[in-house]
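Data from entry-v4.pdb: PDB, C-alpha atoms and all ligand atoms
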ATOM      1  CA  MET A  17       1.843 -41.074 -34.322
ATOM      2  CA  LEU A  18       0.891 -37.397 -34.550
ATOM      3  CA  LYS A  19      -0.794 -35.669 -31.654
ATOM      4  CA  ILE A  20      -1.826 -32.044 -31.765
ATOM      5  CA  GLU A  21      -3.092 -30.520 -28.555
ATOM      6  CA  ASN A  22      -4.431 -27.090 -27.779
ATOM      7  CA  LEU A  23      -3.016 -25.625 -30.988
ATOM      8  CA  SER A  24      -3.570 -21.908 -31.434
ATOM      9  CA  GLY A  25      -1.779 -19.242 -33.405
ATOM     10  CA  GLY A  26      -1.777 -17.511 -36.739
ATOM     11  CA  TYR A  27      -0.013 -14.988 -38.929
ATOM     12  CA  SER A  28      -0.019 -12.041 -36.524
ATOM     13  CA  GLU A  29      -1.067 -11.471 -32.933
ATOM     14  CA  ILE A  30      -4.613 -12.421 -33.981
ATOM     15  CA  ASP A  31      -5.363 -16.117 -33.469
ATOM     16  CA  ILE A  32      -6.604 -17.998 -36.529
ATOM     17  CA  LEU A  33      -6.574 -21.379 -34.760
ATOM     18  CA  HIS A  34      -8.246 -21.823 -31.385
ATOM     19  CA  GLY A  35      -7.234 -24.807 -29.264
ATOM     20  CA  VAL A  36      -7.227 -27.392 -32.056
ATOM     21  CA  ALA A  37      -6.757 -31.053 -31.037
ATOM     22  CA  ILE A  38      -6.136 -33.695 -33.697
ATOM     23  CA  SER A  39      -4.494 -37.097 -33.601
ATOM     24  CA  ILE A  40      -3.420 -39.575 -36.249
ATOM     25  CA  GLU A  41      -2.598 -43.214 -35.598
ATOM     26  CA  PRO A  42       0.055 -45.016 -37.677
ATOM     27  CA  GLY A  43      -1.384 -46.073 -41.034
ATOM     28  CA  GLU A  44      -4.496 -43.937 -40.762
ATOM     29  CA  THR A  45      -5.930 -41.535 -43.322
ATOM     30  CA  VAL A  46      -7.555 -38.676 -41.470
ATOM     31  CA  THR A  47      -9.277 -35.681 -43.015
ATOM     32  CA  ILE A  48      -9.974 -32.135 -41.904
ATOM     33  CA  ILE A  49     -12.968 -30.722 -43.711
ATOM     34  CA  GLY A  50     -14.161 -27.160 -43.507
ATOM     35  CA  ALA A  51     -15.201 -24.154 -45.538
ATOM     36  CA  ASN A  52     -12.784 -21.751 -47.176
ATOM     37  CA  THR A  53     -10.850 -19.753 -44.489
ATOM     38  CA  ALA A  54     -11.751 -22.188 -41.689
ATOM     39  CA  GLY A  55      -8.024 -22.604 -40.970
ATOM     40  CA  LYS A  56      -7.249 -25.959 -42.633
ATOM     41  CA  THR A  57      -4.124 -24.772 -44.420
ATOM     42  CA  SER A  58      -2.952 -23.018 -41.265
ATOM     43  CA  ILE A  59      -3.031 -26.322 -39.339
ATOM     44  CA  LEU A  60      -0.844 -28.018 -41.958
ATOM     45  CA  ARG A  61       1.484 -25.011 -41.927
ATOM     46  CA  ALA A  62       1.767 -25.249 -38.150
ATOM     47  CA  ILE A  63       2.771 -28.917 -38.426
ATOM     48  CA  SER A  64       5.378 -28.070 -41.084
ATOM     49  CA  GLY A  65       6.838 -25.212 -39.078
ATOM     50  CA  VAL A  66       5.806 -22.430 -41.442
ATOM     51  CA  LEU A  67       2.947 -20.817 -39.533
ATOM     52  CA  PRO A  68       4.479 -17.628 -38.099
ATOM     53  CA  ARG A  69       3.001 -17.988 -34.604
ATOM     54  CA  VAL A  70       2.228 -21.337 -32.993
ATOM     55  CA  VAL A  71       1.079 -22.005 -29.424
ATOM     56  CA  GLY A  72       0.344 -25.499 -28.115
ATOM     57  CA  MET A  73       1.781 -28.959 -28.664
ATOM     58  CA  ILE A  74       2.565 -30.885 -31.833
ATOM     59  CA  VAL A  75       4.082 -34.275 -31.054
ATOM     60  CA  LEU A  76       5.382 -36.756 -33.630
ATOM     61  CA  ASP A  77       6.126 -40.253 -32.328
ATOM     62  CA  GLY A  78       6.594 -38.906 -28.819
ATOM     63  CA  GLN A  79       8.873 -36.057 -29.885
ATOM     64  CA  ALA A  80       7.691 -32.453 -29.621
ATOM     65  CA  ILE A  81       8.139 -30.785 -33.008
ATOM     66  CA  THR A  82       6.103 -27.685 -32.186
ATOM     67  CA  HIS A  83       8.865 -25.156 -32.793
ATOM     68  CA  LYS A  84      11.169 -27.117 -35.081
ATOM     69  CA  PRO A  85      12.434 -25.077 -38.022
ATOM     70  CA  ALA A  86      10.644 -25.914 -41.278
ATOM     71  CA  HIS A  87      13.750 -27.312 -42.976
ATOM     72  CA  GLU A  88      14.066 -30.054 -40.348
ATOM     73  CA  ILE A  89      10.509 -31.343 -40.764
ATOM     74  CA  PRO A  90      10.903 -33.523 -43.907
ATOM     75  CA  ALA A  91      13.814 -35.435 -42.389
ATOM     76  CA  LEU A  92      11.583 -36.233 -39.397
ATOM     77  CA  GLY A  93       9.229 -38.019 -41.777
ATOM     78  CA  ILE A  94       6.601 -35.437 -42.678
ATOM     79  CA  GLY A  95       5.989 -34.643 -46.355
ATOM     80  CA  HIS A  96       3.828 -31.643 -47.257
ATOM     81  CA  VAL A  97       1.911 -31.165 -50.491
ATOM     82  CA  PRO A  98       0.965 -27.481 -50.355
ATOM     83  CA  GLU A  99      -2.282 -25.981 -51.543
ATOM     84  CA  GLY A 100      -1.859 -24.804 -55.126
ATOM     85  CA  ARG A 101       0.886 -27.393 -55.805
ATOM     86  CA  HIS A 102       3.755 -24.867 -56.202
ATOM     87  CA  VAL A 103       5.827 -26.889 -58.610
ATOM     88  CA  PHE A 104       8.849 -25.154 -60.137
ATOM     89  CA  PRO A 105       7.590 -24.515 -63.690
ATOM     90  CA  ARG A 106      10.981 -23.996 -65.337
ATOM     91  CA  MET A 107      12.528 -27.098 -63.878
ATOM     92  CA  THR A 108      12.086 -30.598 -65.242
ATOM     93  CA  VAL A 109       9.730 -33.033 -63.568
ATOM     94  CA  GLU A 110      12.689 -35.002 -62.258
ATOM     95  CA  ASP A 111      14.481 -31.951 -60.853
ATOM     96  CA  ASN A 112      11.239 -30.963 -59.115
ATOM     97  CA  LEU A 113      11.199 -34.398 -57.506
ATOM     98  CA  PHE A 114      14.826 -34.072 -56.421
ATOM     99  CA  MET A 115      13.911 -30.826 -54.639
ATOM    100  CA  GLY A 116      11.901 -32.952 -52.235
ATOM    101  CA  ALA A 117      14.953 -35.005 -51.320
ATOM    102  CA  TYR A 118      17.213 -32.206 -50.111
ATOM    103  CA  SER A 119      17.282 -33.637 -46.605
ATOM    104  CA  ALA A 120      18.244 -37.167 -47.732
ATOM    105  CA  ARG A 121      21.935 -37.931 -47.417
ATOM    106  CA  ARG A 122      22.264 -41.299 -49.102
ATOM    107  CA  LYS A 123      22.111 -41.609 -52.865
ATOM    108  CA  ALA A 124      20.599 -45.084 -52.695
ATOM    109  CA  LYS A 125      17.740 -43.764 -50.592
ATOM    110  CA  ILE A 126      17.045 -41.010 -53.100
ATOM    111  CA  SER A 127      16.988 -43.378 -56.069
ATOM    112  CA  SER A 128      14.679 -45.815 -54.314
ATOM    113  CA  ALA A 129      12.326 -42.938 -53.425
ATOM    114  CA  LEU A 130      12.405 -41.786 -57.048
ATOM    115  CA  GLU A 131      11.649 -45.312 -58.226
ATOM    116  CA  GLY A 132       8.679 -45.426 -55.838
ATOM    117  CA  VAL A 133       7.303 -42.145 -57.203
ATOM    118  CA  TYR A 134       7.606 -43.351 -60.824
ATOM    119  CA  LYS A 135       5.899 -46.602 -59.901
ATOM    120  CA  LEU A 136       3.008 -44.665 -58.361
ATOM    121  CA  PHE A 137       2.851 -42.179 -61.258
ATOM    122  CA  PRO A 138       4.144 -43.825 -64.463
ATOM    123  CA  ARG A 139       3.168 -40.668 -66.337
ATOM    124  CA  LEU A 140       5.868 -38.735 -64.486
ATOM    125  CA  LEU A 141       8.468 -41.246 -65.661
ATOM    126  CA  GLU A 142       7.367 -40.639 -69.259
ATOM    127  CA  ARG A 143       7.614 -36.880 -68.733
ATOM    128  CA  ARG A 144      10.636 -36.771 -66.463
ATOM    129  CA  LYS A 145      12.648 -34.505 -68.785
ATOM    130  CA  GLN A 146       9.741 -32.147 -69.513
ATOM    131  CA  MET A 147       9.423 -28.761 -67.811
ATOM    132  CA  ALA A 148       6.919 -29.082 -64.986
ATOM    133  CA  GLY A 149       5.196 -25.897 -66.188
ATOM    134  CA  SER A 150       4.207 -27.645 -69.428
ATOM    135  CA  LEU A 151       2.221 -30.356 -67.638
ATOM    136  CA  SER A 152      -1.539 -30.453 -67.042
ATOM    137  CA  GLY A 153      -2.942 -29.480 -63.641
ATOM    138  CA  GLY A 154      -3.403 -33.121 -62.692
ATOM    139  CA  GLU A 155       0.150 -34.006 -63.680
ATOM    140  CA  GLN A 156       1.486 -31.042 -61.714
ATOM    141  CA  GLN A 157      -0.450 -32.343 -58.707
ATOM    142  CA  MET A 158       1.316 -35.686 -59.197
ATOM    143  CA  VAL A 159       4.657 -33.838 -59.235
ATOM    144  CA  ALA A 160       3.750 -32.045 -55.992
ATOM    145  CA  ILE A 161       2.746 -35.334 -54.342
ATOM    146  CA  GLY A 162       5.824 -37.095 -55.722
ATOM    147  CA  ARG A 163       8.091 -34.343 -54.435
ATOM    148  CA  ALA A 164       6.644 -34.722 -50.928
ATOM    149  CA  LEU A 165       7.171 -38.498 -51.102
ATOM    150  CA  MET A 166      10.882 -38.037 -51.879
ATOM    151  CA  CYS A 167      11.636 -37.541 -48.157
ATOM    152  CA  ASN A 168      10.267 -41.059 -47.459
ATOM    153  CA  PRO A 169       7.587 -39.681 -45.143
ATOM    154  CA  LYS A 170       5.690 -41.667 -42.559
ATOM    155  CA  LEU A 171       3.064 -38.910 -42.620
ATOM    156  CA  LEU A 172       1.903 -37.081 -45.729
ATOM    157  CA  LEU A 173       0.084 -33.737 -45.427
ATOM    158  CA  LEU A 174      -2.144 -33.117 -48.439
ATOM    159  CA  ASP A 175      -3.691 -29.675 -48.884
ATOM    160  CA  GLU A 176      -6.649 -29.614 -51.306
ATOM    161  CA  PRO A 177      -5.128 -32.023 -53.823
ATOM    162  CA  SER A 178      -8.319 -32.126 -55.903
ATOM    163  CA  LEU A 179      -8.813 -28.370 -56.178
ATOM    164  CA  GLY A 180      -9.314 -27.215 -59.762
ATOM    165  CA  LEU A 181      -8.953 -30.672 -61.302
ATOM    166  CA  ALA A 182     -11.371 -32.343 -63.718
ATOM    167  CA  PRO A 183     -13.455 -35.149 -62.132
ATOM    168  CA  ILE A 184     -11.581 -37.913 -63.951
ATOM    169  CA  VAL A 185      -8.259 -36.537 -62.708
ATOM    170  CA  VAL A 186      -9.679 -36.212 -59.190
ATOM    171  CA  ASP A 187     -10.339 -39.975 -59.349
ATOM    172  CA  GLU A 188      -6.680 -40.574 -60.227
ATOM    173  CA  VAL A 189      -5.504 -38.447 -57.314
ATOM    174  CA  HIS A 190      -7.933 -40.305 -55.067
ATOM    175  CA  GLU A 191      -6.482 -43.664 -56.241
ATOM    176  CA  ALA A 192      -2.960 -42.361 -55.609
ATOM    177  CA  ILE A 193      -3.837 -41.342 -52.035
ATOM    178  CA  LEU A 194      -5.244 -44.809 -51.376
ATOM    179  CA  ALA A 195      -2.103 -46.435 -52.831
ATOM    180  CA  ILE A 196       0.181 -44.208 -50.740
ATOM    181  CA  ASN A 197      -1.763 -45.092 -47.613
ATOM    182  CA  ALA A 198      -1.718 -48.805 -48.528
ATOM    183  CA  SER A 199       2.087 -48.595 -48.694
ATOM    184  CA  GLY A 200       2.075 -47.711 -44.983
ATOM    185  CA  VAL A 201       2.165 -43.915 -45.046
ATOM    186  CA  SER A 202      -0.287 -42.087 -42.773
ATOM    187  CA  VAL A 203      -2.177 -39.305 -44.495
ATOM    188  CA  LEU A 204      -3.648 -36.048 -43.234
ATOM    189  CA  LEU A 205      -5.935 -34.814 -45.999
ATOM    190  CA  VAL A 206      -7.372 -31.314 -45.993
ATOM    191  CA  GLU A 207     -10.271 -30.723 -48.353
ATOM    192  CA  GLN A 208     -13.127 -28.401 -49.171
ATOM    193  CA  ASN A 209     -14.366 -31.321 -51.263
ATOM    194  CA  ALA A 210     -15.817 -33.111 -48.245
ATOM    195  CA  SER A 211     -17.380 -35.897 -50.224
ATOM    196  CA  LEU A 212     -14.034 -36.900 -51.738
ATOM    197  CA  ALA A 213     -12.243 -36.530 -48.408
ATOM    198  CA  LEU A 214     -14.765 -38.659 -46.515
ATOM    199  CA  SER A 215     -14.596 -41.382 -49.147
ATOM    200  CA  VAL A 216     -10.796 -41.642 -48.765
ATOM    201  CA  ALA A 217     -10.353 -41.127 -45.016
ATOM    202  CA  SER A 218     -11.357 -43.381 -42.160
ATOM    203  CA  ARG A 219     -11.843 -40.534 -39.674
ATOM    204  CA  GLY A 220     -12.482 -36.850 -39.943
ATOM    205  CA  TYR A 221     -12.539 -33.542 -38.134
ATOM    206  CA  VAL A 222     -14.832 -30.650 -39.015
ATOM    207  CA  LEU A 223     -13.172 -27.256 -38.648
ATOM    208  CA  GLU A 224     -15.129 -24.013 -38.296
ATOM    209  CA  ASP A 225     -13.435 -20.663 -37.713
ATOM    210  CA  GLY A 226     -10.277 -22.306 -36.415
ATOM    211  CA  ARG A 227     -12.081 -24.661 -34.041
ATOM    212  CA  VAL A 228     -12.737 -28.386 -34.270
ATOM    213  CA  VAL A 229     -16.521 -28.564 -33.905
ATOM    214  CA  LEU A 230     -17.023 -32.239 -34.704
ATOM    215  CA  GLN A 231     -14.947 -35.394 -35.004
ATOM    216  CA  ASP A 232     -16.031 -38.881 -35.925
ATOM    217  CA  THR A 233     -15.519 -41.796 -38.278
ATOM    218  CA  ALA A 234     -15.834 -40.877 -41.943
ATOM    219  CA  GLU A 235     -18.918 -43.087 -42.160
ATOM    220  CA  ALA A 236     -20.645 -41.260 -39.287
ATOM    221  CA  LEU A 237     -19.724 -37.858 -40.725
ATOM    222  CA  ARG A 238     -21.057 -38.862 -44.147
ATOM    223  CA  THR A 239     -24.435 -39.667 -42.645
ATOM    224  CA  ASN A 240     -24.527 -36.776 -40.145
ATOM    225  CA  PRO A 241     -27.417 -34.497 -41.211
ATOM    226  CA  GLU A 242     -25.542 -31.293 -40.332
ATOM    227  CA  VAL A 243     -22.443 -32.345 -42.248
ATOM    228  CA  ARG A 244     -24.583 -33.398 -45.187
ATOM    229  CA  ARG A 245     -26.329 -30.057 -45.278
ATOM    230  CA  ALA A 246     -23.276 -27.836 -44.673
ATOM    231  CA  TYR A 247     -20.527 -29.718 -46.505
ATOM    232  CA  LEU A 248     -22.005 -32.302 -48.813
ATOM    233  CA  GLY A 249     -24.793 -30.181 -50.241
ATOM    234  CA  ILE A 250     -27.352 -32.956 -49.751
TER     235      ILE A 250
HETATM  236  N1  LIG B 301      -0.416 -15.438 -45.181
HETATM  237  C1  LIG B 301      -1.455 -15.025 -44.436
HETATM  238  N2  LIG B 301      -1.396 -13.881 -43.725
HETATM  239  C2  LIG B 301      -2.442 -13.453 -42.971
HETATM  240  N3  LIG B 301      -3.600 -14.142 -42.839
HETATM  241  C3  LIG B 301      -3.717 -15.290 -43.509
HETATM  242  C4  LIG B 301      -2.658 -15.792 -44.354
HETATM  243  N4  LIG B 301      -3.074 -16.975 -44.887
HETATM  244  C5  LIG B 301      -4.311 -17.182 -44.432
HETATM  245  N5  LIG B 301      -4.709 -16.174 -43.610
HETATM  246  C6  LIG B 301      -6.003 -16.087 -42.912
HETATM  247  O1  LIG B 301      -6.137 -17.188 -42.038
HETATM  248  C7  LIG B 301      -7.477 -17.684 -42.033
HETATM  249  C8  LIG B 301      -7.467 -19.167 -42.289
HETATM  250  O2  LIG B 301      -6.938 -19.402 -43.571
HETATM  251  P1  LIG B 301      -6.525 -20.841 -44.083
HETATM  252  O3  LIG B 301      -5.779 -21.553 -43.029
HETATM  253  O4  LIG B 301      -5.852 -20.642 -45.393
HETATM  254  O5  LIG B 301      -7.964 -21.524 -44.278
HETATM  255  P2  LIG B 301      -8.438 -22.708 -45.228
HETATM  256  O6  LIG B 301      -7.250 -23.455 -45.680
HETATM  257  O7  LIG B 301      -9.375 -23.502 -44.387
HETATM  258  O8  LIG B 301      -9.144 -22.040 -46.370
HETATM  259  C9  LIG B 301      -8.230 -16.878 -43.079
HETATM  260  O9  LIG B 301      -9.024 -15.914 -42.429
HETATM  261  C10 LIG B 301      -7.137 -16.223 -43.891
HETATM  262  O10 LIG B 301      -7.559 -14.968 -44.359
HETATM  263 MG    MG B 302      -6.552 -23.850 -47.543
END
Would you give me this structure, written as structure tokens?
Amino acid sequence: MLKIENLSGGYSEIDILHGVAISIEPGETVTIIGANTAGKTSILRAISGVLPRVVGMIVLDGQAITHKPAHEIPALGIGHVPEGRHVFPRMTVEDNLFMGAYSARRKAKISSALEGVYKLFPRLLERRKQMAGSLSGGEQQMVAIGRALMCNPKLLLLDEPSLGLAPIVVDEVHEAILAINASGVSVLLVEQNASLALSVASRGYVLEDGRVVLQDTAEALRTNPEVRRAYLGI
């Protein structure tokens, strides 16, 4: 479904990413784990068309999207939940969700997407008229995920969804990712929290200094001594 080949680039003439290759099959949940500044966010930004300089190939369902402008990406079926959530604090929960549907043309499609988000996160339905800025961190993460789902994506990019959340809330986010995947959406999950990521994903890539240094099934990565030492703290 998504095939990234020989991806390099960055924010200036200096390369942050070095020949990254990643693929995602339909229905898969794949994770990229790596330390802070490894380049995880930059890969997601490249896919979404917001990394300033991109060299290489990004192909979605056979179509090259490498240099598509960012505003065309959601309509192609890629939803992006950015690191740090970036909800609009002075807008209601529901208006935040509508922001994710700007590329949808049909009203019926928007209301069915909204219904799907409220089914996944009943708490957002209860708080739909509240300002997003008044919600807890976990609820704001739900808003950010819900907003990305409003474009009816076939692929969801999730950037550190568990960062800064209490363990019980992390479990809720984890459950939500599993439910989204079970509904047929492929997921590319980027995490510093490798143990969470490897418990949700079926396959994973280990990124170091902008290079993929290891790729395997989540099970194999979980039991890999190097991964355990470097990323799982075991
Ligand atoms: N907006 C930016 N401008 C310049 N350099 C950046 C910017 N964002 C990130 N970087 C640099 O790119 C590298 C990779 O960062 P990033 O992709 O955010 O890594 P990760 O998500 O794995 O922590 C880091 O060295 C970081 O300093
Ligand atoms: Mg990051």
Any chance you could tabulate, as JSON lines, the residues of stretch 27-59 of chain A at most 9 Å from stretch 200-204 of chain A with each one's nearest atom pair and distance in Å to one decimal, using all atoms listed in the file, in chain and rising number order?
{"residue": "A:Ile40", "atom": "CA", "partner": "A:Ser202", "partner_atom": "CA", "distance": 7.7}
{"residue": "A:Glu41", "atom": "CA", "partner": "A:Ser202", "partner_atom": "CA", "distance": 7.6}
{"residue": "A:Pro42", "atom": "CA", "partner": "A:Ser202", "partner_atom": "CA", "distance": 5.9}
{"residue": "A:Gly43", "atom": "CA", "partner": "A:Ser202", "partner_atom": "CA", "distance": 4.5}
{"residue": "A:Glu44", "atom": "CA", "partner": "A:Ser202", "partner_atom": "CA", "distance": 5.0}
{"residue": "A:Thr45", "atom": "CA", "partner": "A:Val203", "partner_atom": "CA", "distance": 4.5}
{"residue": "A:Val46", "atom": "CA", "partner": "A:Leu204", "partner_atom": "CA", "distance": 5.0}
{"residue": "A:Thr47", "atom": "CA", "partner": "A:Leu204", "partner_atom": "CA", "distance": 5.6}
{"residue": "A:Ile48", "atom": "CA", "partner": "A:Leu204", "partner_atom": "CA", "distance": 7.6}
Please list as a PyMOL selection string every residue within 7 Å of A:Thr233, counting only C-alpha atoms and excluding residues in the same chain fewer than 6 positions away.
chain A and resi 218-220
Determine, using only C-alpha atoms, which residues of stretch 150-209 of chain A have any atom at most 10 Å from an atom of stretch 132-145 of chain A, and tabulate each with its shortest atom pair and distance in Å to one decimal place, rows ordered by chain and then rising number, as a Markdown table.
| residue | atom | partner | partner_atom | distance |
| --- | --- | --- | --- | --- |
| A:Ser150 | CA | A:Arg143 | CA | 9.9 |
| A:Leu151 | CA | A:Arg143 | CA | 8.5 |
| A:Glu155 | CA | A:Leu140 | CA | 7.5 |
| A:Gln156 | CA | A:Leu140 | CA | 9.3 |
| A:Met158 | CA | A:Phe137 | CA | 7.0 |
| A:Val159 | CA | A:Leu140 | CA | 7.3 |
| A:Ile161 | CA | A:Val133 | CA | 8.7 |
| A:Gly162 | CA | A:Val133 | CA | 5.5 |
| A:Arg163 | CA | A:Val133 | CA | 8.3 |
| A:Ala164 | CA | A:Val133 | CA | 9.7 |
| A:Leu165 | CA | A:Val133 | CA | 7.1 |
| A:Met166 | CA | A:Val133 | CA | 7.6 |
| A:Asn168 | CA | A:Gly132 | CA | 9.6 |
| A:Glu188 | CA | A:Phe137 | CA | 9.7 |
| A:Val189 | CA | A:Phe137 | CA | 10.0 |
| A:Glu191 | CA | A:Leu136 | CA | 9.8 |
| A:Ala192 | CA | A:Leu136 | CA | 7.0 |
| A:Ile193 | CA | A:Leu136 | CA | 9.9 |
| A:Ala195 | CA | A:Leu136 | CA | 7.7 |
| A:Ile196 | CA | A:Leu136 | CA | 8.1 |
Fewer than 3 positions away in the same chain doesn't count, so skip those; otherwise give me all residues within 12 Å of A:Ala37, counting only C-alpha atoms, as a list of chain:residue names.
A:Leu18, A:Lys19, A:Ile20, A:Glu21, A:Asn22, A:Leu23, A:Ser24, A:Leu33, A:His34, A:Ile40, A:Ile48, A:Ile59, A:Gly72, A:Met73, A:Ile74, A:Val75, A:Tyr221, A:Val222, A:Leu223, A:Gly226, A:Arg227, A:Val228, A:Val229, A:Leu230, A:Gln231
Report the closest atom pair, with its distance in Å rounded to one decimal, for each residue of chain A that has an atom no farther than 12 Å from ligand MG 302 (chain B); count all atoms listed in the file, sort by chain and then rising residue number, and write it as JSON lines.
{"residue": "A:Ile48", "atom": "CA", "partner": "B:MG302", "partner_atom": "MG", "distance": 10.6}
{"residue": "A:Ile49", "atom": "CA", "partner": "B:MG302", "partner_atom": "MG", "distance": 10.2}
{"residue": "A:Gly50", "atom": "CA", "partner": "B:MG302", "partner_atom": "MG", "distance": 9.2}
{"residue": "A:Ala51", "atom": "CA", "partner": "B:MG302", "partner_atom": "MG", "distance": 8.9}
{"residue": "A:Asn52", "atom": "CA", "partner": "B:MG302", "partner_atom": "MG", "distance": 6.6}
{"residue": "A:Thr53", "atom": "CA", "partner": "B:MG302", "partner_atom": "MG", "distance": 6.7}
{"residue": "A:Ala54", "atom": "CA", "partner": "B:MG302", "partner_atom": "MG", "distance": 8.0}
{"residue": "A:Gly55", "atom": "CA", "partner": "B:MG302", "partner_atom": "MG", "distance": 6.9}
{"residue": "A:Lys56", "atom": "CA", "partner": "B:MG302", "partner_atom": "MG", "distance": 5.4}
{"residue": "A:Thr57", "atom": "CA", "partner": "B:MG302", "partner_atom": "MG", "distance": 4.1}
{"residue": "A:Ser58", "atom": "CA", "partner": "B:MG302", "partner_atom": "MG", "distance": 7.3}
{"residue": "A:Ile59", "atom": "CA", "partner": "B:MG302", "partner_atom": "MG", "distance": 9.3}
{"residue": "A:Leu60", "atom": "CA", "partner": "B:MG302", "partner_atom": "MG", "distance": 9.0}
{"residue": "A:Arg61", "atom": "CA", "partner": "B:MG302", "partner_atom": "MG", "distance": 9.9}
{"residue": "A:Val97", "atom": "CA", "partner": "B:MG302", "partner_atom": "MG", "distance": 11.6}
{"residue": "A:Pro98", "atom": "CA", "partner": "B:MG302", "partner_atom": "MG", "distance": 8.8}
{"residue": "A:Glu99", "atom": "CA", "partner": "B:MG302", "partner_atom": "MG", "distance": 6.2}
{"residue": "A:Gly100", "atom": "CA", "partner": "B:MG302", "partner_atom": "MG", "distance": 9.0}
{"residue": "A:Arg101", "atom": "CA", "partner": "B:MG302", "partner_atom": "MG", "distance": 11.7}
{"residue": "A:Leu174", "atom": "CA", "partner": "B:MG302", "partner_atom": "MG", "distance": 10.3}
{"residue": "A:Asp175", "atom": "CA", "partner": "B:MG302", "partner_atom": "MG", "distance": 6.6}
{"residue": "A:Glu176", "atom": "CA", "partner": "B:MG302", "partner_atom": "MG", "distance": 6.9}
{"residue": "A:Pro177", "atom": "CA", "partner": "B:MG302", "partner_atom": "MG", "distance": 10.4}
{"residue": "A:Ser178", "atom": "CA", "partner": "B:MG302", "partner_atom": "MG", "distance": 11.9}
{"residue": "A:Leu179", "atom": "CA", "partner": "B:MG302", "partner_atom": "MG", "distance": 10.0}
{"residue": "A:Leu205", "atom": "CA", "partner": "B:MG302", "partner_atom": "MG", "distance": 11.1}
{"residue": "A:Val206", "atom": "CA", "partner": "B:MG302", "partner_atom": "MG", "distance": 7.7}
{"residue": "A:Glu207", "atom": "CA", "partner": "B:MG302", "partner_atom": "MG", "distance": 7.9}
{"residue": "A:Gln208", "atom": "CA", "partner": "B:MG302", "partner_atom": "MG", "distance": 8.2}
{"residue": "A:Asn209", "atom": "CA", "partner": "B:MG302", "partner_atom": "MG", "distance": 11.4}
{"residue": "A:Leu223", "atom": "CA", "partner": "B:MG302", "partner_atom": "MG", "distance": 11.6}
{"residue": "A:Gly226", "atom": "CA", "partner": "B:MG302", "partner_atom": "MG", "distance": 11.8}
Mind telling me what the PyMOL selection byres (((chain A and resi 104) around 12) and not hetatm) catches here, as a ChimeraX atom specification?
/A:100-103,105-116,146-151,156-157,159-160,163
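With all atoms listed in the file as the atoms that count, the residue of A:Ser215, A:Ser128, A:Ser119, A:Asn197 with the shortest distance to A:Gly93 is A:Ser119.
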Pull out every residue that the PyMOL selection byres (((chain A and resi 236-250) around 7) and not hetatm) matches in the shown coordinates and put them as a short mmCIF file (atom, residue, chain, number, x, y, z; two decimals) with C-alpha atoms, in the frame of the given file.
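Output (selection_33.cif):
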data_model
loop_
_atom_site.label_atom_id
_atom_site.label_comp_id
_atom_site.auth_asym_id
_atom_site.auth_seq_id
_atom_site.Cartn_x
_atom_site.Cartn_y
_atom_site.Cartn_z
CA ALA A 210 -15.82 -33.11 -48.24
CA SER A 211 -17.38 -35.90 -50.22
CA LEU A 214 -14.76 -38.66 -46.52
CA ASP A 232 -16.03 -38.88 -35.92
CA THR A 233 -15.52 -41.80 -38.28
CA ALA A 234 -15.83 -40.88 -41.94
CA GLU A 235 -18.92 -43.09 -42.16
#
Work out where the centre of an axis-aligned box around every listed atom of ligand LIG 301 (chain B) lies and how long its edges are once 8 Å is added on each side; give both in Å to one decimal as AutoDock Vina command-line options.
--center_x -4.9 --center_y -18.5 --center_z -44.2 --size_x 25.0 --size_y 26.0 --size_z 20.3
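Taking atom CA of A:Met17 and atom C6 of ligand LIG 301 (chain B) as endpoints, the distance between them is 27.6 Å.
Between atom CA of A:Ile89 and atom CA of A:Asp31 the separation is 23.2 Å.
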Just to confirm, what's the straight-line distance from atom CA of A:Leu92 to atom CA of A:Pro169 in Å (one decimal)?
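Here the two named atoms are 7.8 Å from each other.
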